[in-house]
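Novice: One structure coming up, written as structure tokens, with questions to follow.
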Amino acid sequence: MKINKCTVGLVAAGLISLAVNAEEKMVTTPLLTALSSTTISGYIDTSAHWNPGTGNANPAPYSFNAGKQDGFNIDSVMLSVSKPLEEGQWSSGYQLDLSFGPDSGAVNNPATAPLSGFGLSEHVRQAYVVLRAPVGNGLDFTIGRFDTILGFESSDAYKNPNYTRSYGYTITPTEHTGVLMAYHVSDLLSLKAGVANTINTLSLNSRNGNGTESQKAYLAGLTLTAPDSAGFLKGSVLNVAALHGPTTAPGAQATDISLNGSLATPLEGLRIGATWDELFDVGVPHTWVGGAYASFRPAPESKLSFHARGEYYHGAGALLGVAPAKAHIWAATGTIQYDLWQNVISRLEVRWDRSDSGKIFGGTVAGTPTKRNDFTVAANVIYKF
């Protein structure tokens with residue numbers, strides 16, 4: 001029996017089935033076996049913003065905020081194809097994340113693009129092969145472009161407790177191209193270490209600005225997870241990570257340190273978190289961001305949850321694209337999430353940003369801000385498939 005390419009595609013997608021005899025099984029089995037463990041997933045992320053008052057020419061300079069004021073937005077669309085590692089001594093897998101939309105490219109503020117986000121012409125957020133070697137509990141190698149090991153928040157908005165991004169996320173790189181090793185020592189301790197082209201994130205295969213390929217960035221981190229025997233602290237997590245190496249700017253070196261964790265509490269449904277992100281970058285003032293988080297779900301099966309975040313930015317105004325050489329910004333965010341529909345996340349959020357270093361928000365002319373305070377009311381709806 002001859003099978004044309006169209007029929008093979010329909011079989012692989014599960015839209016039709018074939019009856020084959022024993023002699024013909026060898027024709028279709030390899031294809032179906034290769035696809036059987038592959039998963040396709042993704043999401044569509046939408047929002048609506050209302051900014052009270054007039055003048056949106058200088059919005060609060062956190063990631064993915066510019067251009068969304070007083071209107072409806074398609075934030076990002078993600079399509080993921082992956083094959084996870086299988087149990088066994090030798091196994092392999094892969095991950096491909098294709099991302100589209102304004103939250104998929106470089107941060108809307110050009111000043112922060114060298115530190116967070118990737119080139120506007122790039123849609124490959126992650127693309128890597130993962131291999132497991134039979135060393136102890138299994139040594140995993142991730143080869144390609146992968147999410148950074150730093151920071152508390154994810155580039156996938158639905159994974160974060162709040163809709164809008166923090167300033168800690170804004171100054172932290174988001175992806176790297178290189179090799180990352182991970183080793184699960186025990187249920188308590190996991191380790192990661194790797195090497196990448198640069199410390200910051202731009203286009204897919206960016207190199208450092210010196211043209212010296214021997215200069216690379218190095219990253220390392222550990223994760224501590226409280227075991228079941230820890231009582232109410234069970235599942236609490238502490239992450240420590242650091243990066244050091246060249247950026248894409250000529251001659252520039254940077255060190256990025258991240259400390260964050262989440263803590264379970266005796267009150268059922270209440271979880272708190274804290275973050276500290278610190279950046280030592282050649283040519284700009286020492287910069288750090290501290291943040292605190294709290295999330296509460298009244299019952300495990302509840303569709304309703306509440307989330308709060310407070311943070312303080314202290315450091316280089318140039319990293320945020322604002323005029324003061326040293327910027328001091330406070331931000332408070334409150335989010336109500338209610339998951340009424342299956343596979344849908346729906347959130348209502350209120351955010352207040354305040355500058356202690358002069359007027360950096362508002363106004364009708366870019367570069368001529370008129371306010372110290374910026375308020376945002378946002379609705380966010382995400383469908384996951």
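Here's how to read the names in the structure tokens: chain A, B, ... by the order shown, residue numbers from 1 in each chain, ligand numbers from 1 in the order shown.
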Within 9 Å of region 71-86 of chain A, counting only C-alpha atoms, which residues qualify if same-chain residues fewer than 4 places away don't, as a ChimeraX atom specification?
Specialist: /A:35,37-50,64,67,90-104,130-132,156
Novice: Compile the contact shell of Gly245 (chain A) as a PyMOL selection string: residues with an atom at most 6 Å away, counting only C-alpha atoms, same-chain residues fewer than 2 positions apart removed.
Specialist: chain A and resi 199+216-217+253-254
Novice: With C-alpha atoms retained, write the just-selected residues as a PDB file, in the first residue's frame.
Specialist:
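Listing of out.pdb after writing:
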```
ATOM      1  CA  ILE A 199      24.930  38.021  29.548  1.00  0.00           C
ATOM      2  CA  LYS A 216      31.717  34.216  26.963  1.00  0.00           C
ATOM      3  CA  ALA A 217      29.193  34.687  29.752  1.00  0.00           C
ATOM      4  CA  GLN A 253      31.106  43.544  31.083  1.00  0.00           C
ATOM      5  CA  ALA A 254      28.263  43.013  33.539  1.00  0.00           C
TER       6      ALA A 254
END
```
Novice: Using only C-alpha atoms for the distances, tell me which of A:Ala294, A:Ala299, A:Ala378, A:Leu263 is nearest to Pro161 (chain A).
Specialist: A:Ala294
Novice: DSSP on the backbone, helix (DSSP H, G or I) only: what residues of region 84-220 of chain A does that give? Format it as number ranges by chain.
Specialist: A: 157-159, 167-170
Novice: Write a file of the just-selected residues containing C-alpha atoms, as a short mmCIF file (atom, residue, chain, number, x, y, z; two decimals), in the first residue's frame.
Specialist:
```
data_model
loop_
_atom_site.label_atom_id
_atom_site.label_comp_id
_atom_site.auth_asym_id
_atom_site.auth_seq_id
_atom_site.Cartn_x
_atom_site.Cartn_y
_atom_site.Cartn_z
CA ALA A 157 2.58 36.29 31.73
CA TYR A 158 0.16 33.57 32.87
CA LYS A 159 2.88 32.01 35.07
CA TYR A 167 11.23 46.31 37.53
CA GLY A 168 13.27 43.30 38.58
CA TYR A 169 12.13 41.52 35.42
CA THR A 170 12.83 44.66 33.38
#
```
Novice: Give the answer as one residue: which of A:Pro61, A:Gly261, A:Pro52, A:Gly315 has the shortest atom-to-atom distance to Tyr293 (chain A), using only C-alpha atoms?
Specialist: A:Gly261
Novice: What does the distance from CA of Phe146 (chain A) to CA of Asp281 (chain A) come to in Å, to one decimal?
Specialist: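 Going from CA of Phe146 (chain A) over to CA of Asp281 (chain A), I get 22.4 Å.
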Novice: Between A:Leu340, A:Leu204, A:Val185, A:Val195, which has the minimum distance to Arg145 (chain A) (counting only C-alpha atoms)?
Specialist: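 With only C-alpha atoms as the atom set, the closest residue is A:Leu204.
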Novice: Tell me, as a ChimeraX atom specification, which residues lie within 10 Å of Ala331 (chain A), counting only C-alpha atoms; anything in the same chain fewer than 2 positions away does not count.
Specialist: /A:60,166-167,291,309-313,329,333,351-355,373-375
Novice: Can I get the selection written as a compact mmCIF listing (two decimals), in the first residue's frame, with N, CA and C atoms?
Specialist:
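Below is the file that was written, again30.txt:
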```txt
# COMPACT_ATOMS: atom_id res chain seq x y z
N ALA A 60 5.05 54.52 32.54
CA ALA A 60 5.97 53.89 33.50
C ALA A 60 6.88 52.92 32.75
N SER A 166 7.46 43.35 36.70
CA SER A 166 8.16 44.08 37.74
C SER A 166 9.39 44.78 37.16
N TYR A 167 9.97 45.69 37.94
CA TYR A 167 11.23 46.31 37.53
C TYR A 167 12.39 45.32 37.64
N GLY A 291 11.76 43.41 45.89
CA GLY A 291 10.32 43.22 45.74
C GLY A 291 9.77 42.22 46.74
N ARG A 309 1.90 42.87 44.97
CA ARG A 309 3.34 43.03 44.80
C ARG A 309 3.74 44.46 45.14
N GLY A 310 4.82 44.60 45.87
CA GLY A 310 5.41 45.91 46.14
C GLY A 310 6.89 45.86 45.79
N GLU A 311 7.44 46.93 45.20
CA GLU A 311 8.85 46.91 44.80
C GLU A 311 9.44 48.31 44.80
N TYR A 312 10.77 48.32 44.80
CA TYR A 312 11.51 49.58 44.79
C TYR A 312 12.69 49.45 43.85
N TYR A 313 12.80 50.39 42.91
CA TYR A 313 13.91 50.44 41.95
C TYR A 313 14.87 51.53 42.37
N ILE A 329 12.19 54.61 42.12
CA ILE A 329 10.79 54.38 41.75
C ILE A 329 10.17 53.34 42.68
N THR A 333 1.21 46.92 43.22
CA THR A 333 0.30 46.26 42.28
C THR A 333 -0.63 45.32 43.01
N ARG A 351 -2.42 49.27 39.34
CA ARG A 351 -1.00 49.49 39.61
C ARG A 351 -0.73 50.99 39.79
N TRP A 352 0.16 51.27 40.75
CA TRP A 352 0.58 52.64 41.03
C TRP A 352 2.10 52.70 41.02
N ASP A 353 2.67 53.54 40.14
CA ASP A 353 4.11 53.79 40.10
C ASP A 353 4.37 55.22 40.55
N ARG A 354 5.35 55.38 41.46
CA ARG A 354 5.69 56.72 41.94
C ARG A 354 7.19 56.95 41.86
N SER A 355 7.57 58.11 41.34
CA SER A 355 8.98 58.48 41.21
C SER A 355 9.39 59.42 42.35
N ASN A 373 3.53 60.48 39.41
CA ASN A 373 2.72 59.29 39.66
C ASN A 373 2.09 58.81 38.36
N ASP A 374 2.02 57.49 38.23
CA ASP A 374 1.39 56.87 37.07
C ASP A 374 0.45 55.77 37.56
N PHE A 375 -0.81 55.81 37.12
CA PHE A 375 -1.80 54.81 37.54
C PHE A 375 -2.26 54.01 36.33
```
Novice: For each of A:Thr275, A:Ser206, A:Thr225, A:Ser214, take the minimum atom-to-atom distance to Gly151 (chain A), counting only C-alpha atoms, then give the residue where this is smallest.
Specialist: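 Under the stated criterion, the closest residue is A:Thr275.
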Novice: Compile the contact shell of Arg372 (chain A) as a list in words: residues with an atom at most 9 Å away, counting only C-alpha atoms, same-chain residues fewer than 3 positions apart removed.
Specialist: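 The residues satisfying every condition are Asp353, Arg354, Ser355, Asp356, Ser357, Gly358, Lys359, Ile360, Phe361, Gly362 and Pro369 of chain A.
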Novice: What's around Leu243 (chain A) at 6 Å? Count only C-alpha atoms, leave out sequence neighbours fewer than 4 positions away in its own chain, and write the answer as a PyMOL selection string.
Specialist: chain A and resi 218-219+255-256
Novice: Quick check, in Å to one decimal: how far apart do CA of Arg347 (chain A) and CA of Lys303 (chain A) lie?
Specialist: 11.4 Å
Novice: Set the distance at 6 Å and use only C-alpha atoms: which residues neighbour Trp288 (chain A) once local chain neighbours fewer than 5 positions away are removed? I'd like the list as an MDAnalysis selection string.
Specialist: chainID A and resid 277:278 314
Novice: Can you measure CA of Phe296 (chain A) to CA of Asp228 (chain A) for me? One decimal in Å is fine.
Specialist: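 Computing the Euclidean distance for CA of Phe296 (chain A) and CA of Asp228 (chain A) yields 20.9 Å.
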